[in-house]
>>> print(open('final_21.cif').read())   # mmCIF, C-alpha atoms
data_model
loop_
_atom_site.label_atom_id
_atom_site.label_comp_id
_atom_site.auth_asym_id
_atom_site.auth_seq_id
_atom_site.Cartn_x
_atom_site.Cartn_y
_atom_site.Cartn_z
CA MET A 4 160.26 159.97 161.67
CA LYS A 5 158.22 162.75 160.16
CA LEU A 6 156.19 162.60 157.00
CA ASN A 7 155.04 165.81 155.42
CA GLY A 8 156.18 167.56 158.57
CA LYS A 9 153.84 165.53 160.77
CA ASN A 10 154.86 163.17 163.54
CA ASN A 11 153.91 159.54 162.85
CA ASN A 12 152.76 158.87 166.37
CA GLU A 13 150.53 161.92 166.47
CA ILE A 14 148.94 160.91 163.18
CA LEU A 15 148.45 157.37 164.43
CA MET A 16 146.81 158.38 167.71
CA LYS A 17 144.47 160.70 165.84
CA VAL A 18 143.56 157.83 163.52
CA VAL A 19 143.06 155.40 166.42
CA ALA A 20 140.76 157.85 168.20
CA LYS A 21 138.72 158.34 165.05
CA THR A 22 138.53 154.62 164.35
CA LEU A 23 137.35 154.04 167.92
CA SER A 24 134.53 156.54 167.46
CA ASP A 25 133.58 155.90 163.82
CA TYR A 26 134.04 152.12 163.63
CA ALA A 27 133.86 150.84 167.19
CA LEU A 28 131.38 153.52 168.27
CA VAL A 29 133.21 154.04 171.55
CA PHE A 30 135.04 157.04 172.93
CA GLY A 31 138.30 156.58 174.77
CA ASP A 32 140.09 158.95 177.11
CA TRP A 33 143.76 159.46 176.39
CA GLU A 34 146.05 158.30 179.16
CA THR A 35 149.84 158.59 179.13
CA SER A 36 151.91 155.45 179.48
CA ALA A 37 152.76 156.39 183.06
CA GLY A 38 149.10 156.12 183.94
CA LEU A 39 148.51 152.80 182.17
CA LYS A 40 149.07 149.61 184.06
CA ALA A 41 149.20 146.17 182.50
CA ARG A 42 146.97 143.92 184.49
CA GLU A 43 146.76 140.16 184.82
CA ALA A 44 144.10 140.08 182.16
CA ALA A 45 144.80 138.71 178.70
CA TYR A 46 146.03 141.07 176.02
CA VAL A 47 145.73 140.69 172.27
CA MET A 48 147.33 142.32 169.28
CA SER A 49 146.67 142.69 165.60
CA SER A 50 149.52 143.44 163.21
CA VAL A 51 149.09 144.80 159.69
CA ARG A 52 151.88 144.97 157.11
CA PHE A 53 151.55 147.54 154.37
CA THR A 54 153.62 148.41 151.33
CA GLY A 55 153.48 151.06 148.65
CA LYS A 56 154.48 154.68 149.03
CA LEU A 57 154.90 153.83 152.70
CA SER A 58 156.07 150.45 153.89
CA GLY A 59 155.81 149.35 157.45
CA THR A 60 153.77 147.67 160.14
CA LEU A 61 150.94 148.83 162.31
CA LEU A 62 150.36 147.11 165.64
CA VAL A 63 147.18 147.57 167.63
CA ALA A 64 146.99 146.00 171.08
CA ALA A 65 144.26 145.94 173.70
CA SER A 66 142.95 143.91 176.55
CA ALA A 67 140.87 140.94 175.44
CA ALA A 68 137.96 142.38 177.41
CA LEU A 69 138.09 145.62 175.43
CA CYS A 70 138.25 143.71 172.16
CA ARG A 71 135.12 141.89 173.15
CA GLU A 72 133.46 145.18 173.95
CA ILE A 73 134.50 146.64 170.60
CA ALA A 74 133.18 143.57 168.77
CA ALA A 75 129.83 143.81 170.55
CA SER A 76 129.59 147.56 169.98
CA VAL A 77 130.34 147.25 166.27
CA LEU A 78 127.55 144.70 165.92
CA GLY A 79 125.11 146.79 167.95
CA LEU A 80 124.95 144.24 170.77
CA GLU A 81 124.84 144.86 174.49
CA THR A 82 128.42 145.12 175.59
CA GLU A 83 127.53 144.12 179.15
CA ASN A 84 126.27 140.71 178.07
CA LYS A 85 129.36 138.55 178.44
CA SER A 86 127.70 135.47 176.95
CA LEU A 87 127.14 136.92 173.48
CA PRO A 88 129.11 135.18 170.75
CA VAL A 89 131.34 137.86 169.26
CA ASN A 90 134.49 137.42 167.27
CA LYS A 91 136.92 139.66 169.13
CA SER A 92 139.93 138.66 167.02
CA ASP A 93 138.12 139.57 163.85
CA ALA A 94 136.91 142.87 165.30
CA LEU A 95 140.45 143.86 166.35
CA ASN A 96 141.84 142.79 162.98
CA GLU A 97 139.27 144.90 161.18
CA PHE A 98 140.04 147.80 163.52
CA ALA A 99 143.73 147.51 162.63
CA ASN A 100 142.91 147.24 158.92
CA ILE A 101 140.83 150.42 159.00
CA ALA A 102 143.41 152.27 161.09
CA ALA A 103 146.20 151.25 158.68
CA GLY A 104 144.32 152.51 155.64
CA HIS A 105 143.51 155.82 157.27
CA PHE A 106 147.02 156.26 158.68
CA ILE A 107 148.53 155.89 155.20
CA THR A 108 146.10 158.42 153.75
CA GLU A 109 146.71 160.90 156.58
CA ALA A 110 150.49 160.48 156.47
CA ALA A 111 151.09 160.23 152.74
CA GLY A 112 147.98 161.61 151.06
CA THR A 113 145.28 160.12 148.84
CA ASP A 114 147.72 159.76 145.96
CA ALA A 115 149.70 157.24 148.00
CA SER A 116 149.49 153.73 146.61
CA MET A 117 149.06 151.07 149.25
CA GLU A 118 148.86 147.32 149.59
CA ILE A 119 147.56 146.32 152.98
CA GLN A 120 148.07 142.71 154.00
CA PRO A 121 145.37 140.83 155.92
CA PRO A 122 145.89 141.48 159.64
CA VAL A 123 147.38 138.85 161.92
CA PHE A 124 145.95 138.34 165.41
CA GLN A 125 147.83 137.00 168.39
CA GLU A 126 147.71 136.93 172.17
CA ILE A 127 150.46 138.81 173.95
CA PRO A 128 151.64 139.00 177.54
CA GLY A 129 150.85 142.06 179.62
CA HIS A 130 154.44 143.28 179.68
CA ARG A 131 154.54 143.42 175.89
CA TRP A 132 151.36 145.49 175.87
CA LYS A 133 152.95 147.77 178.43
CA ASP A 134 156.07 148.13 176.24
CA MET A 135 153.89 149.10 173.30
CA ALA A 136 152.02 151.63 175.40
CA GLN A 137 155.33 153.15 176.48
CA LYS A 138 156.55 153.34 172.91
CA ALA A 139 153.26 154.95 171.87
CA GLY A 140 153.37 157.37 174.76
CA GLY A 141 150.06 156.09 176.10
CA GLY A 142 146.74 154.73 174.98
CA PHE A 143 142.99 155.19 175.03
CA VAL A 144 141.00 154.00 178.03
CA ILE A 145 137.42 152.81 177.77
CA ASP A 146 135.73 151.50 180.90
CA ASP A 147 139.09 150.88 182.62
CA GLU A 148 140.34 148.86 179.62
CA ALA A 149 142.95 150.27 177.26
CA ILE A 150 144.02 150.13 173.66
CA THR A 151 147.25 151.35 172.16
CA ALA A 152 148.99 151.31 168.79
CA VAL A 153 152.47 151.55 167.37
CA ILE A 154 153.58 152.24 163.80
CA THR A 155 156.91 151.29 162.29
CA ILE A 156 157.82 152.77 158.92
CA ASP A 157 160.47 150.76 157.09
CA ASN A 158 160.58 152.73 153.89
CA VAL A 159 159.22 155.82 152.16
CA ASN A 160 159.13 155.43 148.36
CA MET B 27 110.94 141.16 143.19
CA ALA B 28 113.55 140.29 145.79
CA TYR B 29 117.21 141.10 145.34
CA ASN B 30 120.09 138.76 146.05
CA PHE B 31 123.33 140.16 147.39
CA MET B 32 126.82 138.85 147.82
CA ILE B 33 129.14 140.19 150.54
CA VAL B 34 132.85 139.48 150.04
CA ASP B 35 135.13 140.30 152.99
CA ASP B 36 137.59 138.31 155.07
CA SER B 37 136.15 139.99 158.16
CA SER B 38 133.13 138.10 159.46
CA THR B 39 132.28 141.17 161.54
CA THR B 40 132.08 143.36 158.45
CA ARG B 41 130.01 140.77 156.59
CA THR B 42 127.59 140.67 159.50
CA ILE B 43 127.33 144.46 159.64
CA ILE B 44 126.58 144.77 155.92
CA ARG B 45 124.11 141.88 156.13
CA LYS B 46 122.26 143.55 159.00
CA ILE B 47 122.14 146.88 157.16
CA LEU B 48 120.70 145.26 154.06
CA GLU B 49 118.14 143.31 156.07
CA ILE B 50 116.73 146.45 157.68
CA SER B 51 117.18 148.68 154.63
CA GLY B 52 113.65 148.40 153.32
CA LEU B 53 114.86 146.66 150.18
CA LYS B 54 113.19 143.37 149.44
CA ILE B 55 115.92 140.87 150.20
CA GLY B 56 115.99 137.43 148.65
CA GLU B 57 119.26 135.84 149.61
CA ILE B 58 122.49 137.19 151.03
CA ILE B 59 125.51 135.08 150.14
CA GLU B 60 128.81 135.56 151.93
CA ALA B 61 132.35 134.85 150.82
CA ALA B 62 135.61 135.37 152.68
CA ASN B 63 137.76 136.14 149.64
CA GLY B 64 137.61 136.73 145.91
CA ARG B 65 138.21 133.12 144.98
CA GLU B 66 135.35 131.87 147.13
CA ALA B 67 133.12 134.60 145.71
CA LEU B 68 133.83 133.61 142.11
CA GLU B 69 133.17 129.96 142.91
CA LYS B 70 129.83 130.80 144.44
CA LEU B 71 128.93 133.11 141.54
CA GLU B 72 129.24 130.15 139.17
CA THR B 73 125.99 128.78 140.52
CA ALA B 74 124.31 131.58 142.43
CA TRP B 75 122.41 134.49 140.94
CA VAL B 76 123.06 137.81 142.67
CA ASP B 77 122.02 141.34 141.81
CA MET B 78 124.85 143.19 143.54
CA VAL B 79 128.19 142.45 145.15
CA PHE B 80 129.76 144.31 148.09
CA ALA B 81 133.47 143.53 148.20
CA ASP B 82 136.54 144.44 150.20
CA ILE B 83 139.91 144.88 148.55
CA ASN B 84 142.44 143.47 150.98
CA MET B 85 141.65 139.79 151.37
CA PRO B 86 143.76 136.64 151.43
CA GLU B 87 143.88 134.15 148.52
CA MET B 88 142.33 136.55 146.01
CA ASN B 89 141.89 140.25 146.73
CA GLY B 90 139.08 142.47 145.53
CA VAL B 91 141.06 143.96 142.64
CA GLU B 92 141.83 140.53 141.19
CA MET B 93 138.24 139.44 141.72
CA VAL B 94 136.86 142.46 139.85
CA LYS B 95 139.27 141.87 136.97
CA LYS B 96 138.19 138.23 136.73
CA MET B 97 134.56 139.29 136.74
CA SER B 98 135.16 141.82 133.95
CA GLU B 99 136.62 139.01 131.82
CA ASN B 100 133.57 136.81 132.38
CA GLY B 101 130.65 137.43 130.05
CA MET B 102 128.15 136.36 132.70
CA LEU B 103 129.59 138.55 135.46
CA LYS B 104 130.98 141.64 133.80
CA ASN B 105 127.75 143.62 134.18
CA LEU B 106 127.09 142.58 137.77
CA PRO B 107 127.18 145.74 139.94
CA VAL B 108 130.11 145.68 142.33
CA VAL B 109 130.48 148.10 145.23
CA ILE B 110 133.89 148.22 146.86
CA VAL B 111 133.95 148.69 150.64
CA SER B 112 137.53 149.17 151.79
CA SER B 113 139.92 150.88 154.17
CA ASP B 114 142.11 151.66 151.17
CA GLY B 115 141.92 155.40 150.47
CA SER B 116 144.24 155.51 147.49
CA ARG B 117 142.81 157.62 144.68
CA THR B 118 144.82 155.57 142.19
CA ARG B 119 143.15 152.39 143.44
CA MET B 120 139.70 153.94 143.21
CA GLU B 121 140.30 155.09 139.63
CA GLU B 122 141.70 151.70 138.67
CA LEU B 123 138.65 149.92 139.98
CA MET B 124 136.17 152.33 138.44
CA THR B 125 137.74 151.71 135.03
CA GLU B 126 137.20 147.99 135.67
CA GLY B 127 133.50 148.63 136.06
CA VAL B 128 133.09 149.04 139.82
CA ARG B 129 129.97 151.14 140.37
CA ALA B 130 130.79 152.68 143.74
CA TYR B 131 133.66 152.87 146.19
CA LEU B 132 132.88 153.23 149.89
CA ARG B 133 135.53 153.87 152.49
CA LYS B 134 135.52 151.99 155.79
CA PRO B 135 134.22 152.68 158.33
CA PHE B 136 130.95 153.21 156.55
CA SER B 137 127.65 154.41 157.90
CA PRO B 138 124.58 152.17 157.52
CA GLU B 139 122.94 154.91 155.48
CA ILE B 140 125.65 154.92 152.82
CA ILE B 141 125.33 151.17 152.31
CA ARG B 142 121.56 151.38 152.08
CA ASP B 143 121.55 154.46 149.82
CA THR B 144 124.16 152.95 147.49
CA ALA B 145 122.20 149.72 147.15
CA GLU B 146 118.98 151.60 146.50
CA LYS B 147 120.60 153.87 143.94
CA LEU B 148 122.24 151.07 141.99
CA LEU B 149 119.17 148.87 142.08
CA GLY B 150 116.95 151.69 140.92
CA GLY B 151 115.17 152.55 144.17
CA LYS B 152 113.16 150.55 146.64
CA ASN B 153 111.01 147.70 145.42
CA ASP B 154 107.33 148.19 145.15
CA GLU B 155 105.44 145.58 147.11
CA THR B 156 103.88 143.32 144.48
#
>>> encode(input="final_21.cif", output="structure tokens")
Amino acid sequence: MKLNGKNNNEILMKVVAKTLSDYALVFGDWETSAGLKAREAAYVMSSVRFTGKLSGTLLVAASAALCREIAASVLGLETENKSLPVNKSDALNEFANIAAGHFITEAAGTDASMEIQPPVFQEIPGHRWKDMAQKAGGGFVIDDEAITAVITIDNVN
Amino acid sequence: MAYNFMIVDDSSTTRTIIRKILEISGLKIGEIIEAANGREALEKLETAWVDMVFADINMPEMNGVEMVKKMSENGMLKNLPVVIVSSDGSRTRMEELMTEGVRAYLRKPFSPEIIRDTAEKLLGGKNDET
């Protein structure tokens, strides 16, 4: 689906990259889905429902290890220290929240009204993460861990 | 004189970030009170004195818009400076909140400098050590 002539997925990946750099303070390398492999490690996902001029759902999924790294980075902590108490679910939820807000603005403009629901965090199996990465066309890799995102637009008002 | 702040956000990560920024800002900090939603914030404001509130919009139980409206209806709270910190980029939302008395609207992700500068500006500059 295109909005304002732009492809949703392209907009989303641009937003994810910017959120990684501006919020999480990390820089990921784009990798196509063919190059991404779901590993045995745990994966987690945050889903955000939004309504308004655009209605839909944003899903952000990453390895639990990357979430932990993002949480530590956001708080200015050493990401290598595995014993630090960081709230990885909260960090991913906030990441998804920020990405959703910026996606709506990029896709529909600053005049677009929006209601963004609080994000919902859950653990997901590796094959589901892989399916999302395929749907997204790929993901961003940071230190051998990857993050991807998918947007579903239900309605344009 | 030390300033008391309230940070209202359902994200504990965001509350921690804003807290850290305020603590190293150079402002004289008295107390920083946290709340996870608008309802909790209003309950705490019944008994706590704060000089400024940083609040998100999208929160469970009571969002930032509802909280600001409740504050504007309360004689004791209507003049309390509120700074919105949100991922919501809707111009309509910003205008709505500014008419309700919100003093500043910051878009997430924010830089530490914008939080510090906004606090300093709304509180009238850094404290003098007395």
>>> closest_atom_pairs(input="final_21.cif", of="chain A", to="chain B", cutoff="10 Å", atoms="all atoms listed in the file", output="JSON lines")
{"residue": "A:Lys21", "atom": "CA", "partner": "B:Pro135", "partner_atom": "CA", "distance": 9.9}
{"residue": "A:Thr22", "atom": "CA", "partner": "B:Pro135", "partner_atom": "CA", "distance": 7.7}
{"residue": "A:Ser24", "atom": "CA", "partner": "B:Pro135", "partner_atom": "CA", "distance": 9.9}
{"residue": "A:Asp25", "atom": "CA", "partner": "B:Pro135", "partner_atom": "CA", "distance": 6.4}
{"residue": "A:Tyr26", "atom": "CA", "partner": "B:Pro135", "partner_atom": "CA", "distance": 5.3}
{"residue": "A:Ala27", "atom": "CA", "partner": "B:Pro135", "partner_atom": "CA", "distance": 9.1}
{"residue": "A:Ala74", "atom": "CA", "partner": "B:Thr39", "partner_atom": "CA", "distance": 7.7}
{"residue": "A:Ala75", "atom": "CA", "partner": "B:Thr39", "partner_atom": "CA", "distance": 9.7}
{"residue": "A:Val77", "atom": "CA", "partner": "B:Ile43", "partner_atom": "CA", "distance": 7.8}
{"residue": "A:Leu78", "atom": "CA", "partner": "B:Ile43", "partner_atom": "CA", "distance": 6.3}
{"residue": "A:Gly79", "atom": "CA", "partner": "B:Ile43", "partner_atom": "CA", "distance": 8.9}
{"residue": "A:Val89", "atom": "CA", "partner": "B:Thr39", "partner_atom": "CA", "distance": 8.5}
{"residue": "A:Asn90", "atom": "CA", "partner": "B:Thr39", "partner_atom": "CA", "distance": 7.2}
{"residue": "A:Lys91", "atom": "CA", "partner": "B:Thr39", "partner_atom": "CA", "distance": 9.0}
{"residue": "A:Ser92", "atom": "CA", "partner": "B:Ser37", "partner_atom": "CA", "distance": 9.7}
{"residue": "A:Asp93", "atom": "CA", "partner": "B:Ser37", "partner_atom": "CA", "distance": 6.0}
{"residue": "A:Ala94", "atom": "CA", "partner": "B:Thr39", "partner_atom": "CA", "distance": 6.2}
{"residue": "A:Leu95", "atom": "CA", "partner": "B:Thr39", "partner_atom": "CA", "distance": 9.9}
{"residue": "A:Asn96", "atom": "CA", "partner": "B:Ser37", "partner_atom": "CA", "distance": 8.0}
{"residue": "A:Glu97", "atom": "CA", "partner": "B:Ser37", "partner_atom": "CA", "distance": 6.6}
{"residue": "A:Phe98", "atom": "CA", "partner": "B:Pro135", "partner_atom": "CA", "distance": 9.2}
{"residue": "A:Ala99", "atom": "CA", "partner": "B:Ser113", "partner_atom": "CA", "distance": 9.9}
{"residue": "A:Asn100", "atom": "CA", "partner": "B:Ser113", "partner_atom": "CA", "distance": 6.7}
{"residue": "A:Ile101", "atom": "CA", "partner": "B:Ser113", "partner_atom": "CA", "distance": 4.9}
{"residue": "A:Ala102", "atom": "CA", "partner": "B:Ser113", "partner_atom": "CA", "distance": 7.9}
{"residue": "A:Ala103", "atom": "CA", "partner": "B:Ser113", "partner_atom": "CA", "distance": 7.7}
{"residue": "A:Gly104", "atom": "CA", "partner": "B:Ser113", "partner_atom": "CA", "distance": 4.9}
{"residue": "A:His105", "atom": "CA", "partner": "B:Ser113", "partner_atom": "CA", "distance": 6.8}
{"residue": "A:Phe106", "atom": "CA", "partner": "B:Gly115", "partner_atom": "CA", "distance": 9.7}
{"residue": "A:Ile107", "atom": "CA", "partner": "B:Gly115", "partner_atom": "CA", "distance": 8.1}
{"residue": "A:Thr108", "atom": "CA", "partner": "B:Gly115", "partner_atom": "CA", "distance": 6.1}
{"residue": "A:Glu109", "atom": "CA", "partner": "B:Gly115", "partner_atom": "CA", "distance": 9.5}
{"residue": "A:Ala111", "atom": "CA", "partner": "B:Ser116", "partner_atom": "CA", "distance": 9.8}
{"residue": "A:Gly112", "atom": "CA", "partner": "B:Ser116", "partner_atom": "CA", "distance": 8.0}
{"residue": "A:Thr113", "atom": "CA", "partner": "B:Ser116", "partner_atom": "CA", "distance": 4.9}
{"residue": "A:Asp114", "atom": "CA", "partner": "B:Arg117", "partner_atom": "CA", "distance": 5.5}
{"residue": "A:Ala115", "atom": "CA", "partner": "B:Ser116", "partner_atom": "CA", "distance": 5.8}
{"residue": "A:Ser116", "atom": "CA", "partner": "B:Ser116", "partner_atom": "CA", "distance": 5.6}
{"residue": "A:Met117", "atom": "CA", "partner": "B:Ser116", "partner_atom": "CA", "distance": 6.8}
{"residue": "A:Glu118", "atom": "CA", "partner": "B:Asn84", "partner_atom": "CA", "distance": 7.6}
{"residue": "A:Ile119", "atom": "CA", "partner": "B:Asn84", "partner_atom": "CA", "distance": 6.2}
{"residue": "A:Gln120", "atom": "CA", "partner": "B:Asn84", "partner_atom": "CA", "distance": 6.4}
{"residue": "A:Pro121", "atom": "CA", "partner": "B:Met85", "partner_atom": "CA", "distance": 6.0}
{"residue": "A:Pro122", "atom": "CA", "partner": "B:Met85", "partner_atom": "CA", "distance": 9.4}
>>> write_last_selection(input="final_21.cif", atoms="C-alpha atoms", output="tab-separated table (two decimals), in the coordinates of the input")
chain	number	residue	atom	x	y	z
A	21	LYS	CA	138.72	158.34	165.05
A	22	THR	CA	138.53	154.62	164.35
A	24	SER	CA	134.53	156.54	167.46
A	25	ASP	CA	133.58	155.90	163.82
A	26	TYR	CA	134.04	152.12	163.63
A	27	ALA	CA	133.86	150.84	167.19
A	74	ALA	CA	133.18	143.57	168.77
A	75	ALA	CA	129.83	143.81	170.55
A	77	VAL	CA	130.34	147.25	166.27
A	78	LEU	CA	127.55	144.70	165.92
A	79	GLY	CA	125.11	146.79	167.95
A	89	VAL	CA	131.34	137.86	169.26
A	90	ASN	CA	134.49	137.42	167.27
A	91	LYS	CA	136.92	139.66	169.13
A	92	SER	CA	139.93	138.66	167.02
A	93	ASP	CA	138.12	139.57	163.85
A	94	ALA	CA	136.91	142.87	165.30
A	95	LEU	CA	140.45	143.86	166.35
A	96	ASN	CA	141.84	142.79	162.98
A	97	GLU	CA	139.27	144.90	161.18
A	98	PHE	CA	140.04	147.80	163.52
A	99	ALA	CA	143.73	147.51	162.63
A	100	ASN	CA	142.91	147.24	158.92
A	101	ILE	CA	140.83	150.42	159.00
A	102	ALA	CA	143.41	152.27	161.09
A	103	ALA	CA	146.20	151.25	158.68
A	104	GLY	CA	144.32	152.51	155.64
A	105	HIS	CA	143.51	155.82	157.27
A	106	PHE	CA	147.02	156.26	158.68
A	107	ILE	CA	148.53	155.89	155.20
A	108	THR	CA	146.10	158.42	153.75
A	109	GLU	CA	146.71	160.90	156.58
A	111	ALA	CA	151.09	160.23	152.74
A	112	GLY	CA	147.98	161.61	151.06
A	113	THR	CA	145.28	160.12	148.84
A	114	ASP	CA	147.72	159.76	145.96
A	115	ALA	CA	149.70	157.24	148.00
A	116	SER	CA	149.49	153.73	146.61
A	117	MET	CA	149.06	151.07	149.25
A	118	GLU	CA	148.86	147.32	149.59
A	119	ILE	CA	147.56	146.32	152.98
A	120	GLN	CA	148.07	142.71	154.00
A	121	PRO	CA	145.37	140.83	155.92
A	122	PRO	CA	145.89	141.48	159.64
>>> atom_distance(input="final_21.cif", atom1="CA of Pro107 (chain B)", atom2="CA of Ile55 (chain B)")
16.0 Å
>>> resolve_selection(input="final_21.cif", expression="the PyMOL selection byres ((chain A and resi 151) around 8)", output="count of residues only")
13
>>> resolve_selection(input="final_21.cif", expression="the PyMOL selection byres ((chain A and resi 45) around 6)", output="ChimeraX atom specification")
/A:44,46,66-67
>>> write_last_selection(input="final_21.cif", atoms="C-alpha atoms", output="short mmCIF file (atom, residue, chain, number, x, y, z; two decimals), in the frame of the given file")
data_model
loop_
_atom_site.label_atom_id
_atom_site.label_comp_id
_atom_site.auth_asym_id
_atom_site.auth_seq_id
_atom_site.Cartn_x
_atom_site.Cartn_y
_atom_site.Cartn_z
CA ALA A 44 144.10 140.08 182.16
CA TYR A 46 146.03 141.07 176.02
CA SER A 66 142.95 143.91 176.55
CA ALA A 67 140.87 140.94 175.44
#
>>> atom_distance(input="final_21.cif", atom1="CA of Ala145 (chain B)", atom2="CA of Glu99 (chain B)")
23.6 Å
>>> atom_distance(input="final_21.cif", atom1="CA of Met124 (chain B)", atom2="CA of Glu92 (chain B)")
13.4 Å
>>> closest_residue(input="final_21.cif", among="B:Val94, B:Gly56, B:Glu146, B:Leu103", to="Thr73 (chain B)", atoms="only C-alpha atoms")
B:Leu103
>>> residues_around(input="final_21.cif", residues="Gly90 (chain B)", least_positions_apart="5", cutoff="10 Å", atoms="all atoms listed in the file", output="list of chain:residue names")
B:Val34, B:Asp35, B:Asn63, B:Gly64, B:Arg65, B:Ala67, B:Phe80, B:Ala81, B:Asp82, B:Ile83, B:Asn84, B:Met85, B:Lys95, B:Lys96, B:Ile110, B:Val111, B:Ser112, B:Leu123
>>> residues_around(input="final_21.cif", residues="Gly150 (chain B)", least_positions_apart="4", cutoff="12 Å", atoms="all atoms listed in the file", output="PDB file with C-alpha atoms, in the frame of the given file")
ATOM      1  CA  TYR B  29     117.210 141.100 145.340  1.00  0.00           C
ATOM      2  CA  LEU B  53     114.860 146.660 150.180  1.00  0.00           C
ATOM      3  CA  ASP B  77     122.020 141.340 141.810  1.00  0.00           C
ATOM      4  CA  MET B  78     124.850 143.190 143.540  1.00  0.00           C
ATOM      5  CA  PRO B 107     127.180 145.740 139.940  1.00  0.00           C
ATOM      6  CA  ASP B 143     121.550 154.460 149.820  1.00  0.00           C
ATOM      7  CA  THR B 144     124.160 152.950 147.490  1.00  0.00           C
ATOM      8  CA  ALA B 145     122.200 149.720 147.150  1.00  0.00           C
ATOM      9  CA  GLU B 146     118.980 151.600 146.500  1.00  0.00           C
ATOM     10  CA  ASP B 154     107.330 148.190 145.150  1.00  0.00           C
TER      11      ASP B 154
END
>>> closest_residue(input="final_21.cif", among="A:Leu23, A:Leu28, A:Leu15, A:Ala41", to="Arg131 (chain A)", atoms="only C-alpha atoms")
A:Ala41
>>> closest_residue(input="final_21.cif", among="B:Val109, B:Leu71, B:Asn30, B:Lys147", to="Gly127 (chain B)", atoms="all atoms listed in the file")
B:Val109
>>> closest_residue(input="final_21.cif", among="A:Thr35, A:Thr60, A:Ala110, A:Leu80", to="Val18 (chain A)", atoms="all atoms listed in the file")
A:Ala110
>>> closest_residue(input="final_21.cif", among="A:Ala68, A:Met16, A:Val47, A:Ile156", to="Asp32 (chain A)", atoms="all atoms listed in the file")
A:Met16
>>> resolve_selection(input="final_21.cif", expression="the PyMOL selection byres ((chain B and resi 51) around 9)", output="JSON, numbers by chain")
{"B": [46, 47, 48, 49, 50, 52, 53, 54, 138, 139, 141, 142, 143, 146]}
>>> axis_aligned_box(input="final_21.cif", around="region 46-59 of chain A", padding_each_side="8 Å", output="JSON")
{"center_x": 150.9, "center_y": 147.7, "center_z": 162.3, "size_x": 26.3, "size_y": 30.0, "size_z": 43.4}
>>> decode(input="final_21.cif", residues="region 90-101 of chain A", atoms="N, CA, C and O atoms", output="mmCIF file, in the first residue's frame")
data_model
loop_
_atom_site.group_PDB
_atom_site.id
_atom_site.type_symbol
_atom_site.label_atom_id
_atom_site.label_comp_id
_atom_site.auth_asym_id
_atom_site.auth_seq_id
_atom_site.Cartn_x
_atom_site.Cartn_y
_atom_site.Cartn_z
ATOM 1 N N ASN A 90 15.718 -2.802 31.723
ATOM 2 C CA ASN A 90 14.375 -3.264 31.404
ATOM 3 C C ASN A 90 14.252 -3.359 29.890
ATOM 4 O O ASN A 90 13.881 -2.386 29.234
ATOM 5 N N LYS A 91 14.572 -4.531 29.342
ATOM 6 C CA LYS A 91 14.604 -4.646 27.886
ATOM 7 C C LYS A 91 13.215 -4.580 27.287
ATOM 8 O O LYS A 91 13.037 -4.072 26.180
ATOM 9 N N SER A 92 12.199 -5.050 28.011
ATOM 10 C CA SER A 92 10.844 -4.999 27.454
ATOM 11 C C SER A 92 10.397 -3.552 27.347
ATOM 12 O O SER A 92 9.814 -3.134 26.342
ATOM 13 N N ASP A 93 10.688 -2.781 28.351
ATOM 14 C CA ASP A 93 10.311 -1.381 28.334
ATOM 15 C C ASP A 93 11.063 -0.630 27.232
ATOM 16 O O ASP A 93 10.485 0.213 26.542
ATOM 17 N N ALA A 94 12.339 -0.928 27.069
ATOM 18 C CA ALA A 94 13.131 -0.247 26.039
ATOM 19 C C ALA A 94 12.593 -0.556 24.642
ATOM 20 O O ALA A 94 12.494 0.334 23.796
ATOM 21 N N LEU A 95 12.223 -1.817 24.387
ATOM 22 C CA LEU A 95 11.676 -2.171 23.076
ATOM 23 C C LEU A 95 10.306 -1.538 22.879
ATOM 24 O O LEU A 95 9.984 -1.054 21.792
ATOM 25 N N ASN A 96 9.496 -1.530 23.936
ATOM 26 C CA ASN A 96 8.183 -0.880 23.842
ATOM 27 C C ASN A 96 8.328 0.604 23.514
ATOM 28 O O ASN A 96 7.590 1.140 22.685
ATOM 29 N N GLU A 97 9.250 1.256 24.158
ATOM 30 C CA GLU A 97 9.450 2.676 23.902
ATOM 31 C C GLU A 97 9.981 2.890 22.488
ATOM 32 O O GLU A 97 9.613 3.845 21.817
ATOM 33 N N PHE A 98 10.846 1.999 22.042
ATOM 34 C CA PHE A 98 11.353 2.040 20.671
ATOM 35 C C PHE A 98 10.186 1.967 19.690
ATOM 36 O O PHE A 98 10.090 2.761 18.751
ATOM 37 N N ALA A 99 9.288 1.011 19.922
ATOM 38 C CA ALA A 99 8.135 0.829 19.034
ATOM 39 C C ALA A 99 7.221 2.053 19.089
ATOM 40 O O ALA A 99 6.684 2.484 18.061
ATOM 41 N N ASN A 100 7.030 2.609 20.258
ATOM 42 C CA ASN A 100 6.197 3.798 20.435
ATOM 43 C C ASN A 100 6.744 4.968 19.620
ATOM 44 O O ASN A 100 6.015 5.644 18.893
ATOM 45 N N ILE A 101 8.041 5.190 19.737
ATOM 46 C CA ILE A 101 8.682 6.285 19.000
ATOM 47 C C ILE A 101 8.604 6.037 17.495
ATOM 48 O O ILE A 101 8.277 6.933 16.708
#
